[in-house]
Each structure stands twice: as C-alpha cells, then as structure tokens.
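Novice: The structure is given below, and queries will be raised subsequently.
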Amino acid sequence: MKARICAAVVAQAMLGLLLAGAATGTAHAAAATYYVSPSGSDSNSGLSPDQAWKSTTKVNGFTFPQGGATVSFQGGQTFTGCLAINGDKVPGSSATTPFKVTSYGTGQATIKSNCTGDYSAAVAADNVSGFQLNNLKLVNGGTTAAGVLLHNQKSSTATKSMKVTGSDISGFATPSGSGSTFGGQIMVLGYAVNGNSGPLDDVQILNNKLHGASVTSNAGPGVYGWGSGVNITNVRVEGNTVHNLGMAAQSTGAALTANGWDGAVIQRNLVHDIGANVTSCGGASGIMTYTSNNVKIRHNEVYKVQPVPAFTAGCDWDGIDLDGGTTNSVVEYNYTHDNAGSGLLAYTSTAASRVWGPNTYRYNVSENDDWANAQGGLFDVVPNAPKNALSIYGNTFFTNKDQSANKKTGASACFMFGYASGTWASGSQIKDNICYMANKGTYGKTGQLYYNPYGQTGMTLSNNLYYGTNTGGWRWGGTTHADFAAWKAAGLESGSVWGDPLFTSPGAGGVCTWSPTSGTGPQPCPGAYVLKSGSPALKAGTAVSGNGGVDYYGTAIPSVPNIGADAG
C-alpha cells in the first residue's frame, strides 16, 4: 500500500515538472527564434537581438532544436550569402511545428546571393516539412540560378507544407552558358537536383513579387520546375505579382509554370511583361501547365506576354496554356489582353504517356490578343485534334488590332485549329462564345472566325455569336464560307448568331486596377464587355451542364444563358 502511494506521489510530481516545463520555457525553446544582424557575431547564442548571429554561414552550419524554429534577419539590412536548409538540420519540422525564415524589426531583410552553379539558389529547402519563407527580399548578386528552391533529395515520402509568402524575389535566371534549364525566381521540383524522385505535398506560393529589373531583363520564370510524374500535390499559387521576366532567347517556361502538379489552384495573380527576349517557339507563356492533373486557373489577369521591342522570330507568347499531358483542368474567369500570341491555348499533345484532356475553358475575356499573329488565333487548339474532350464555352473574344504591318501575313482568326486533320473526342463542345473580329490583316480583311484548314471534326458547335466587318469568313476544311448565310447553310453549327453584341465599351478593357493580395481577382474589370440592352447575345445561349454556376462577373447563370462571358 505504501509503495503504491509513493509511486503515485512520484508520478504526480513528474507530471507537475512536465507541465511546469511546458509553461516556463521547455516547449518554447523547441520553437526558439534565432536572430541575424550585421552587427552580430557568429559566436553569439543568436537567441535575442542583442545576441544575434552575423552570417548566413552560421545559419547553414547550425543544427536547430527538435520541433521547428525561426531564423529572423534584421529588417532593412542586406546579408550576402545563400541559405541551404535541409531536414537533417531542422529535425521535427512540420506543418504544426514549422521552420521559418523571415525578417524582424522594420522593413524586409535582403539576402543578396553569392552562390554559383547550375543548381544554385539563394534559399534552398531540401526535405524540410513545414518550411516557411516569409517577408524577405531575395536578389541575385551574380550568377545564382534560382531565388528559392523547394525539393526533396532524400526521401520517397512527401515533404509536406512548404510555403513562400509575402516576399520580393528578383533577377534569377539560368546562368549564361549553362546546359541546364534550371533557373527562375522560385523552383519547385518533384525530381530533385540529385535525381531523387522526392514528392512534395501542400506547396503554397502566396502574395509575392516575382520579377526582373526591367521588361528586357534576363530574369527567368516566376515559378518553374518539374515533377517525377505528377508527384507535386496540393499546390496553391495565389496573390502574386509577376512581371518583367524577359527570359532567354531559347525558353520553354512561363511566368507561372505547373509541371508535374496534381491538384492545384492558380488564382488571382497579376502577370505582365513576360518573354521580351524570346525568339524561339515553345516558351514564354503567362501561365502554363504541363503533365499536370486537376489544375484550376482562375481570376488572373495576363497581359503583354510579348517580344520587345518588336516581333522578329518565334511563336507562342500566349496568355494561358494547358500544354502537353494536362488532364482534368479548368481555365475560368481570367482576363487576357495585349499578348503577342493567343489569349488561350490548348496544346493537345500527349506528353510523358499522358493523353491531354478532358479540359475546359469557360467565362474568360480576351482583348486584342495575338497582336503579332504569333499563333494565328485568339484561341488556338494545336497541334492535334484532342483525344479527350475539350469544352470551350461562355468566353468573349474581341480584337480590333491593325495587323497589316506584322511580319506574318494574314490576320488572326478567332479560333485556330491544328496542323493536321482529325476527330475531336466525344463530348467536345464549342458553345456560347462571342467572336468580335475587327482586326485588319495584310490583305485588308479581318481575321476568319474559324480557321480549320484540315477539316477537323467531332466537336459540337452551338450558339456562338460572330461579328465583324469584311471578315475572312469561316474556313472549314477545303471550303471558305464567306458570309454568315453561307455558314448557316453549311449546317455545321446550330443556334449561331450574327450581330453586334453591344458591349459597353468594346476595346476599352485596358489594364485593370486591383491588388492581387486583396483576394478579389480582377473582376469586375473589364466592365467593357458587359452586354447592353438590346444585344443579340442576351438569352441566346444554350445550357451547358456542369457550367460552374456563375459567369465572369460573378452573376448566377440562368437556365437560358447569354452568349459570352457576361452569361448571366
């Protein structure tokens, strides 16, 4: 009896000590903050501003306590060096006990990189679950390839919860003469630089500024990288401003690139002035997916993806591209304008054994895209007829560009299809879109409504509205239907409409005034494409199942919709 009482007393005392430790500092020590200041010393403890460390070298060489920690650089100060953080140095870091790198005091701290090499990065996080980079400025101090590198060189288990938020990252690009394609402001890799297929899960890139110093800077993509299959899961790219990324002449990336992602949202980003230096094909998109699944691209504004000072050679410069091997994805509620290539691109090729589609484009607004006739259409479906269903509905396309001085002959079409014949997959549909063509090409005519020279078939065409002066008509296979009467008589489309859609202010959409960090998207801008009373587009559409519920302007879609992005 006495022994049991003594044991109970000891147990109670031990419990009290544990609780006291948690209350008075033991738990806090596991999540300690370490300070770094130019006035500090690497022989200090780092545990207070007056005991701050001095250098990134000290941070790289330190093994942090189990269960996460914070490294905080003095705001307003510049630190030369690069950070290389790996899971062995921060044991026990997780979403609930994160490892954070941030600023303290007034303003953002600047890390000016001095590391070099094909796979160098100002801040590299390797297999660090719970990694968070927040409120820092990263600048390329020389020939560093990347601003931030997120990857997993060690494990076949996913590294979870990696975040880059509220930071300014600029000037990073693939080093000149490098044989790699590694480089850009943020690199996200599911195939690590050592060749390990290390998965990542819950990657968040939020409210950052990703940019170069000028429109023609050589800075590479804003977000780039690749997966091993689709092993980068649950990604959110939101609230970022991405601009002045001139890129290299031979580029395959985009301002925002999803490669190997499965389950992603790319929304409310402002993307502009991309690809100024590019002279090749296959690159310089605003937002692009590749070998990815279940990606939602919505509420973004993308403009001036274009060569500067003028078009000389190459192609692409599109606004938003679901590229090879993309499946089960949606492009919706975006505003693209003044891009040298198409506003929207469906690049329907099979990639890495992944057959493109089914994919959907709906309720987007395109103004004066493909100004350089760089791809031939405001919406391009190339290179092949899609093998899985492609749905294009409720979009508004407008152009009044004078393209007569372009190096490429002709004028942009509204829709341009493929480089070969073929049959679109069952369930493919093109419905309720507006094509307002007032562009002028080298032969004096405006662009064709459809340019389908190889006679691709299989898609359902229904209830699209067309309008233009002196248009090139509808090219379908070997026949050009010169006017609307001929198009109707051909019987290729049901419910089609001809007439001025009576936009509020056609051609006056311009650049929207909004903040990506506000969480509201560019809507309701541009109000230029709201339909006025009397428009032939009003209540002239056809119902589409699974239509998303609301149009570009956030209005509920009725059972009989309007044609175009102002569907409600």
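Every chain in the structure tokens has a letter given in the order shown (A, B, ...), and although residue numbers restart at 1 in each chain, ligands are simply numbered from 1 in the order shown.
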Pick out the residues sitting within 12 Å of Gly441 of chain A, and hand them over as a list of chain:residue names; count only C-alpha atoms, and ignore anything fewer than 4 positions along from it in its own chain.
Specialist: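 Result of the neighbour search: A:Trp371, A:Ala372, A:Asn373, A:Gly376, A:Thr399, A:Asn400, A:Lys401, A:Asp402, A:Gln403, A:Ser404, A:Ala405, A:Asn406, A:Lys407, A:Lys408, A:Thr409, A:Gly410, A:Ala411, A:Ser412, A:Ala413, A:Met437, A:Lys445, A:Thr446, A:Gly447, A:Gln448, A:Asn470, A:Thr471, A:Gly472.
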Novice: Using DSSP secondary structure from the backbone, list all strand (DSSP E or B) positions within segment 254-341 of chain A, as an mmCIF file with N, CA and C atoms, in the first residue's frame.
Specialist:
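After the write, result-v3.cif holds the following:
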data_model
loop_
_atom_site.group_PDB
_atom_site.id
_atom_site.type_symbol
_atom_site.label_atom_id
_atom_site.label_comp_id
_atom_site.auth_asym_id
_atom_site.auth_seq_id
_atom_site.Cartn_x
_atom_site.Cartn_y
_atom_site.Cartn_z
ATOM 1 N N ALA A 254 7.200 29.550 -68.419
ATOM 2 C CA ALA A 254 6.174 30.571 -68.346
ATOM 3 C C ALA A 254 6.412 31.408 -67.099
ATOM 4 N N ALA A 255 5.683 32.505 -66.998
ATOM 5 C CA ALA A 255 5.766 33.273 -65.757
ATOM 6 C C ALA A 255 5.397 32.390 -64.574
ATOM 7 N N LEU A 256 4.319 31.619 -64.729
ATOM 8 C CA LEU A 256 3.904 30.639 -63.718
ATOM 9 C C LEU A 256 3.738 29.304 -64.419
ATOM 10 N N THR A 257 4.521 28.314 -64.029
ATOM 11 C CA THR A 257 4.508 27.013 -64.685
ATOM 12 C C THR A 257 4.152 25.922 -63.694
ATOM 13 N N ALA A 258 3.116 25.153 -64.011
ATOM 14 C CA ALA A 258 2.772 23.954 -63.238
ATOM 15 C C ALA A 258 3.264 22.748 -64.035
ATOM 16 N N ASN A 259 4.234 22.048 -63.506
ATOM 17 C CA ASN A 259 4.811 20.896 -64.204
ATOM 18 C C ASN A 259 4.884 19.729 -63.226
ATOM 19 N N TRP A 261 2.236 18.698 -61.451
ATOM 20 C CA TRP A 261 1.374 19.017 -60.314
ATOM 21 C C TRP A 261 0.073 18.224 -60.399
ATOM 22 N N ASP A 262 -0.405 17.813 -59.254
ATOM 23 C CA ASP A 262 -1.678 17.093 -59.165
ATOM 24 C C ASP A 262 -2.516 17.732 -58.065
ATOM 25 N N GLY A 263 -3.564 18.446 -58.488
ATOM 26 C CA GLY A 263 -4.403 19.161 -57.533
ATOM 27 C C GLY A 263 -3.808 20.518 -57.234
ATOM 28 N N ALA A 264 -4.166 21.522 -58.038
ATOM 29 C CA ALA A 264 -3.555 22.844 -57.871
ATOM 30 C C ALA A 264 -4.570 23.932 -58.179
ATOM 31 N N VAL A 265 -4.381 25.076 -57.533
ATOM 32 C CA VAL A 265 -5.157 26.282 -57.811
ATOM 33 C C VAL A 265 -4.164 27.403 -58.105
ATOM 34 N N ILE A 266 -4.316 28.027 -59.282
ATOM 35 C CA ILE A 266 -3.502 29.178 -59.667
ATOM 36 C C ILE A 266 -4.485 30.318 -59.869
ATOM 37 N N GLN A 267 -4.559 31.214 -58.916
ATOM 38 C CA GLN A 267 -5.631 32.207 -58.972
ATOM 39 C C GLN A 267 -5.201 33.566 -58.434
ATOM 40 N N LEU A 270 -1.391 38.561 -60.940
ATOM 41 C CA LEU A 270 -1.222 39.575 -61.971
ATOM 42 C C LEU A 270 0.089 39.289 -62.688
ATOM 43 N N VAL A 271 -0.015 38.986 -63.988
ATOM 44 C CA VAL A 271 1.142 38.556 -64.776
ATOM 45 C C VAL A 271 1.266 39.482 -65.984
ATOM 46 N N HIS A 272 2.415 40.136 -66.148
ATOM 47 C CA HIS A 272 2.566 41.004 -67.314
ATOM 48 C C HIS A 272 4.035 41.227 -67.657
ATOM 49 N N ASP A 273 4.266 41.599 -68.916
ATOM 50 C CA ASP A 273 5.601 41.876 -69.444
ATOM 51 C C ASP A 273 6.521 40.666 -69.267
ATOM 52 N N ILE A 274 6.202 39.651 -70.051
ATOM 53 C CA ILE A 274 6.892 38.358 -69.983
ATOM 54 C C ILE A 274 7.448 38.013 -71.371
ATOM 55 N N SER A 285 5.004 31.726 -72.035
ATOM 56 C CA SER A 285 3.579 31.842 -71.730
ATOM 57 C C SER A 285 3.416 32.655 -70.459
ATOM 58 N N GLY A 286 2.186 33.153 -70.251
ATOM 59 C CA GLY A 286 1.904 33.797 -68.978
ATOM 60 C C GLY A 286 1.741 32.764 -67.881
ATOM 61 N N ILE A 287 0.774 31.851 -68.070
ATOM 62 C CA ILE A 287 0.539 30.751 -67.130
ATOM 63 C C ILE A 287 0.451 29.475 -67.953
ATOM 64 N N MET A 288 1.153 28.438 -67.544
ATOM 65 C CA MET A 288 1.198 27.211 -68.330
ATOM 66 C C MET A 288 1.182 25.982 -67.426
ATOM 67 N N THR A 289 0.488 24.942 -67.866
ATOM 68 C CA THR A 289 0.574 23.638 -67.210
ATOM 69 C C THR A 289 1.204 22.640 -68.169
ATOM 70 N N TYR A 290 1.874 21.644 -67.607
ATOM 71 C CA TYR A 290 2.488 20.586 -68.402
ATOM 72 C C TYR A 290 2.485 19.314 -67.563
ATOM 73 N N ASN A 293 -2.373 17.468 -63.502
ATOM 74 C CA ASN A 293 -3.750 16.996 -63.377
ATOM 75 C C ASN A 293 -4.521 17.863 -62.385
ATOM 76 N N ASN A 294 -5.786 18.101 -62.719
ATOM 77 C CA ASN A 294 -6.702 18.782 -61.801
ATOM 78 C C ASN A 294 -6.152 20.140 -61.359
ATOM 79 N N VAL A 295 -5.889 20.987 -62.353
ATOM 80 C CA VAL A 295 -5.407 22.345 -62.091
ATOM 81 C C VAL A 295 -6.532 23.320 -62.423
ATOM 82 N N LYS A 296 -6.795 24.233 -61.519
ATOM 83 C CA LYS A 296 -7.781 25.290 -61.738
ATOM 84 C C LYS A 296 -7.038 26.615 -61.885
ATOM 85 N N ILE A 297 -7.176 27.242 -63.049
ATOM 86 C CA ILE A 297 -6.551 28.532 -63.320
ATOM 87 C C ILE A 297 -7.671 29.546 -63.441
ATOM 88 N N ARG A 298 -7.756 30.488 -62.500
ATOM 89 C CA ARG A 298 -8.927 31.355 -62.478
ATOM 90 C C ARG A 298 -8.606 32.720 -61.857
ATOM 91 N N GLU A 301 -5.154 38.042 -64.284
ATOM 92 C CA GLU A 301 -5.008 38.975 -65.395
ATOM 93 C C GLU A 301 -3.622 38.765 -65.997
ATOM 94 N N VAL A 302 -3.584 38.540 -67.317
ATOM 95 C CA VAL A 302 -2.330 38.238 -68.001
ATOM 96 C C VAL A 302 -2.232 39.122 -69.236
ATOM 97 N N TYR A 303 -1.191 39.935 -69.315
ATOM 98 C CA TYR A 303 -1.057 40.801 -70.480
ATOM 99 C C TYR A 303 0.411 41.087 -70.801
ATOM 100 N N LYS A 304 0.619 41.506 -72.032
ATOM 101 C CA LYS A 304 1.937 41.845 -72.557
ATOM 102 C C LYS A 304 2.944 40.712 -72.381
ATOM 103 N N VAL A 305 2.499 39.500 -72.689
ATOM 104 C CA VAL A 305 3.446 38.417 -72.931
ATOM 105 C C VAL A 305 3.841 38.606 -74.395
ATOM 106 N N ILE A 320 -2.581 32.044 -71.459
ATOM 107 C CA ILE A 320 -2.757 30.872 -70.591
ATOM 108 C C ILE A 320 -2.774 29.629 -71.466
ATOM 109 N N ASP A 321 -1.990 28.635 -71.091
ATOM 110 C CA ASP A 321 -1.793 27.439 -71.907
ATOM 111 C C ASP A 321 -1.931 26.188 -71.057
ATOM 112 N N LEU A 322 -2.918 25.343 -71.395
ATOM 113 C CA LEU A 322 -2.917 23.971 -70.886
ATOM 114 C C LEU A 322 -2.140 23.154 -71.902
ATOM 115 N N THR A 327 -4.472 17.166 -67.772
ATOM 116 C CA THR A 327 -5.746 16.456 -67.679
ATOM 117 C C THR A 327 -6.648 17.070 -66.616
ATOM 118 N N SER A 329 -8.515 19.648 -66.126
ATOM 119 C CA SER A 329 -8.194 21.000 -65.667
ATOM 120 C C SER A 329 -9.164 22.018 -66.251
ATOM 121 N N VAL A 330 -9.244 23.185 -65.582
ATOM 122 C CA VAL A 330 -10.208 24.218 -65.941
ATOM 123 C C VAL A 330 -9.513 25.580 -65.970
ATOM 124 N N VAL A 331 -9.761 26.334 -67.038
ATOM 125 C CA VAL A 331 -9.317 27.723 -67.152
ATOM 126 C C VAL A 331 -10.577 28.578 -67.155
ATOM 127 N N GLU A 332 -10.772 29.401 -66.123
ATOM 128 C CA GLU A 332 -12.038 30.115 -65.990
ATOM 129 C C GLU A 332 -11.841 31.481 -65.337
ATOM 130 N N TYR A 335 -8.769 37.210 -67.407
ATOM 131 C CA TYR A 335 -8.747 38.309 -68.359
ATOM 132 C C TYR A 335 -7.363 38.348 -68.991
ATOM 133 N N THR A 336 -7.292 38.048 -70.284
ATOM 134 C CA THR A 336 -6.043 38.129 -71.033
ATOM 135 C C THR A 336 -6.167 39.251 -72.056
ATOM 136 N N HIS A 337 -5.086 40.006 -72.238
ATOM 137 C CA HIS A 337 -5.157 41.085 -73.222
ATOM 138 C C HIS A 337 -3.768 41.512 -73.664
#
Novice: Env of segment 549-554 of chain A: 9 Å cut, atoms = only C-alpha atoms, seq-sep filter 4 positions within chain, self excluded. Answer as a PDB file with C-alpha atoms, in the first residue's frame.
Specialist:
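Result file follows (out-v4.pdb):
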ATOM      1  CA  HIS A 299      -9.310  35.071 -61.736  1.00  0.00           C
ATOM      2  CA  GLU A 332     -12.038  30.115 -65.990  1.00  0.00           C
ATOM      3  CA  TYR A 333     -12.757  33.771 -65.145  1.00  0.00           C
ATOM      4  CA  ASN A 334      -9.435  35.077 -66.486  1.00  0.00           C
ATOM      5  CA  ARG A 362     -15.031  28.953 -69.766  1.00  0.00           C
ATOM      6  CA  TYR A 363     -16.049  32.540 -68.963  1.00  0.00           C
ATOM      7  CA  ASN A 364     -12.758  34.165 -69.928  1.00  0.00           C
ATOM      8  CA  VAL A 365     -12.351  37.581 -71.577  1.00  0.00           C
ATOM      9  CA  GLY A 394     -19.048  31.238 -72.429  1.00  0.00           C
ATOM     10  CA  ASN A 395     -15.909  33.121 -73.483  1.00  0.00           C
ATOM     11  CA  GLN A 523     -13.298  41.206 -61.620  1.00  0.00           C
ATOM     12  CA  PRO A 524     -15.476  43.175 -62.280  1.00  0.00           C
ATOM     13  CA  CYS A 525     -12.822  44.709 -64.569  1.00  0.00           C
ATOM     14  CA  GLY A 527     -16.624  46.171 -67.483  1.00  0.00           C
ATOM     15  CA  VAL A 530     -20.853  43.723 -70.206  1.00  0.00           C
ATOM     16  CA  PRO A 558     -29.759  31.103 -65.717  1.00  0.00           C
ATOM     17  CA  GLY A 564     -20.285  35.253 -73.902  1.00  0.00           C
ATOM     18  CA  ALA A 565     -18.581  35.835 -70.561  1.00  0.00           C
ATOM     19  CA  ASP A 566     -21.469  38.029 -69.378  1.00  0.00           C
ATOM     20  CA  ALA A 567     -23.632  34.912 -69.313  1.00  0.00           C
ATOM     21  CA  GLY A 568     -25.999  35.916 -66.507  1.00  0.00           C
TER      22      GLY A 568
END
Novice: Using only C-alpha atoms, which of the listed residues (A:Gln77, A:Gln132, A:Thr116, A:Asn60) sits closest to Thr97 of chain A?
Specialist: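 Smallest distance to Thr97 of chain A is found for A:Gln132.
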Novice: Extract, using only C-alpha atoms, all DNA, RNA and protein residues at most 10 Å from Asp88 of chain A, discarding same-chain residues fewer than 5 positions from it, and format them as an NGL selection string.
Specialist: :A and (63-64 or 93 or 126-128)
Novice: Can you pull out the residues contacting segment 231-238 of chain A? Cut-off 8 Å, using only C-alpha atoms, and skip same-chain residues under 4 positions away; I want them as a PyMOL selection string.
Specialist: chain A and resi 189-190+198-207+227+260-269+516
Novice: Could you tell me how far atom CA of Gly61 of chain A lies from atom CA of Gly117 of chain A, in Å and to one decimal?
Specialist: 20.3 Å
Novice: I'd like the contact shell of Leu531 of chain A - 8 Å cut-off, only C-alpha atoms, skipping same-chain residues fewer than 2 positions apart - returned as a list in words.
Specialist: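 Residues meeting the cut-off are Pro501, Leu502, Phe503, Thr504, Tyr529, Ser533, Ser535, Ala537, Leu538 and Asp566 of chain A.
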Novice: Near Ala276 of chain A, within 8 Å and counting only C-alpha atoms, which residues show up once chain neighbours fewer than 6 positions away are dropped, as an NGL selection string?
Specialist: :A and (215-216 or 245-247 or 305-309)
Novice: If you keep N, CA and C atoms, can you produce a file of those selected residues as a PDB file, in the first residue's frame?
Specialist:
ATOM      1  N   VAL A 215      11.730  45.336 -68.345  1.00  0.00           N
ATOM      2  CA  VAL A 215      10.996  44.474 -69.275  1.00  0.00           C
ATOM      3  C   VAL A 215      11.931  43.508 -69.986  1.00  0.00           C
ATOM      4  N   THR A 216      13.120  43.976 -70.364  1.00  0.00           N
ATOM      5  CA  THR A 216      14.060  43.138 -71.122  1.00  0.00           C
ATOM      6  C   THR A 216      15.130  42.498 -70.247  1.00  0.00           C
ATOM      7  N   LEU A 245       9.905  39.685 -66.686  1.00  0.00           N
ATOM      8  CA  LEU A 245      10.706  38.475 -66.843  1.00  0.00           C
ATOM      9  C   LEU A 245      10.991  38.312 -68.338  1.00  0.00           C
ATOM     10  N   GLY A 246      12.109  38.908 -68.784  1.00  0.00           N
ATOM     11  CA  GLY A 246      12.439  38.895 -70.211  1.00  0.00           C
ATOM     12  C   GLY A 246      12.831  37.536 -70.730  1.00  0.00           C
ATOM     13  N   MET A 247      13.400  36.698 -69.861  1.00  0.00           N
ATOM     14  CA  MET A 247      13.824  35.329 -70.167  1.00  0.00           C
ATOM     15  C   MET A 247      14.913  35.300 -71.242  1.00  0.00           C
ATOM     16  N   VAL A 305       2.499  39.500 -72.689  1.00  0.00           N
ATOM     17  CA  VAL A 305       3.446  38.417 -72.931  1.00  0.00           C
ATOM     18  C   VAL A 305       3.841  38.606 -74.395  1.00  0.00           C
ATOM     19  N   GLN A 306       5.050  39.127 -74.634  1.00  0.00           N
ATOM     20  CA  GLN A 306       5.350  39.618 -75.973  1.00  0.00           C
ATOM     21  C   GLN A 306       6.841  39.861 -76.148  1.00  0.00           C
ATOM     22  N   PRO A 307       7.311  39.822 -77.405  1.00  0.00           N
ATOM     23  CA  PRO A 307       8.691  40.230 -77.680  1.00  0.00           C
ATOM     24  C   PRO A 307       8.805  41.740 -77.630  1.00  0.00           C
ATOM     25  N   VAL A 308       9.982  42.212 -77.218  1.00  0.00           N
ATOM     26  CA  VAL A 308      10.245  43.655 -77.127  1.00  0.00           C
ATOM     27  C   VAL A 308      11.631  43.912 -77.723  1.00  0.00           C
ATOM     28  N   PRO A 309      11.810  44.910 -78.595  1.00  0.00           N
ATOM     29  CA  PRO A 309      10.837  45.959 -78.927  1.00  0.00           C
ATOM     30  C   PRO A 309       9.832  45.564 -80.003  1.00  0.00           C
TER      31      PRO A 309
END
Novice: Pick out each residue of segment 42-151 of chain A that DSSP on the backbone tags as helix (DSSP H, G or I); I need them as a VMD selection string.
Specialist: chain A and resid 49 to 51 56 to 61
Novice: How far is it from atom CA of Asp432 of chain A to atom CA of Val497 of chain A, in Å with one decimal?
Specialist: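 If I compute the distance from atom CA of Asp432 of chain A to atom CA of Val497 of chain A, I get 9.7 Å.
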Novice: Could you check which of A:Lys163, A:Lys58, A:His151, A:Lys440 is closest to Asn134 of chain A, using only C-alpha atoms?
Specialist: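 Of A:Lys163, A:Lys58, A:His151, A:Lys440, the one nearest Asn134 of chain A is A:Lys163, counting only C-alpha atoms.
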Novice: Which one of A:Gly67, A:Gly229, A:Pro49, A:Gly427 sits closest to Lys89 of chain A if you count only C-alpha atoms?
Specialist: A:Gly67
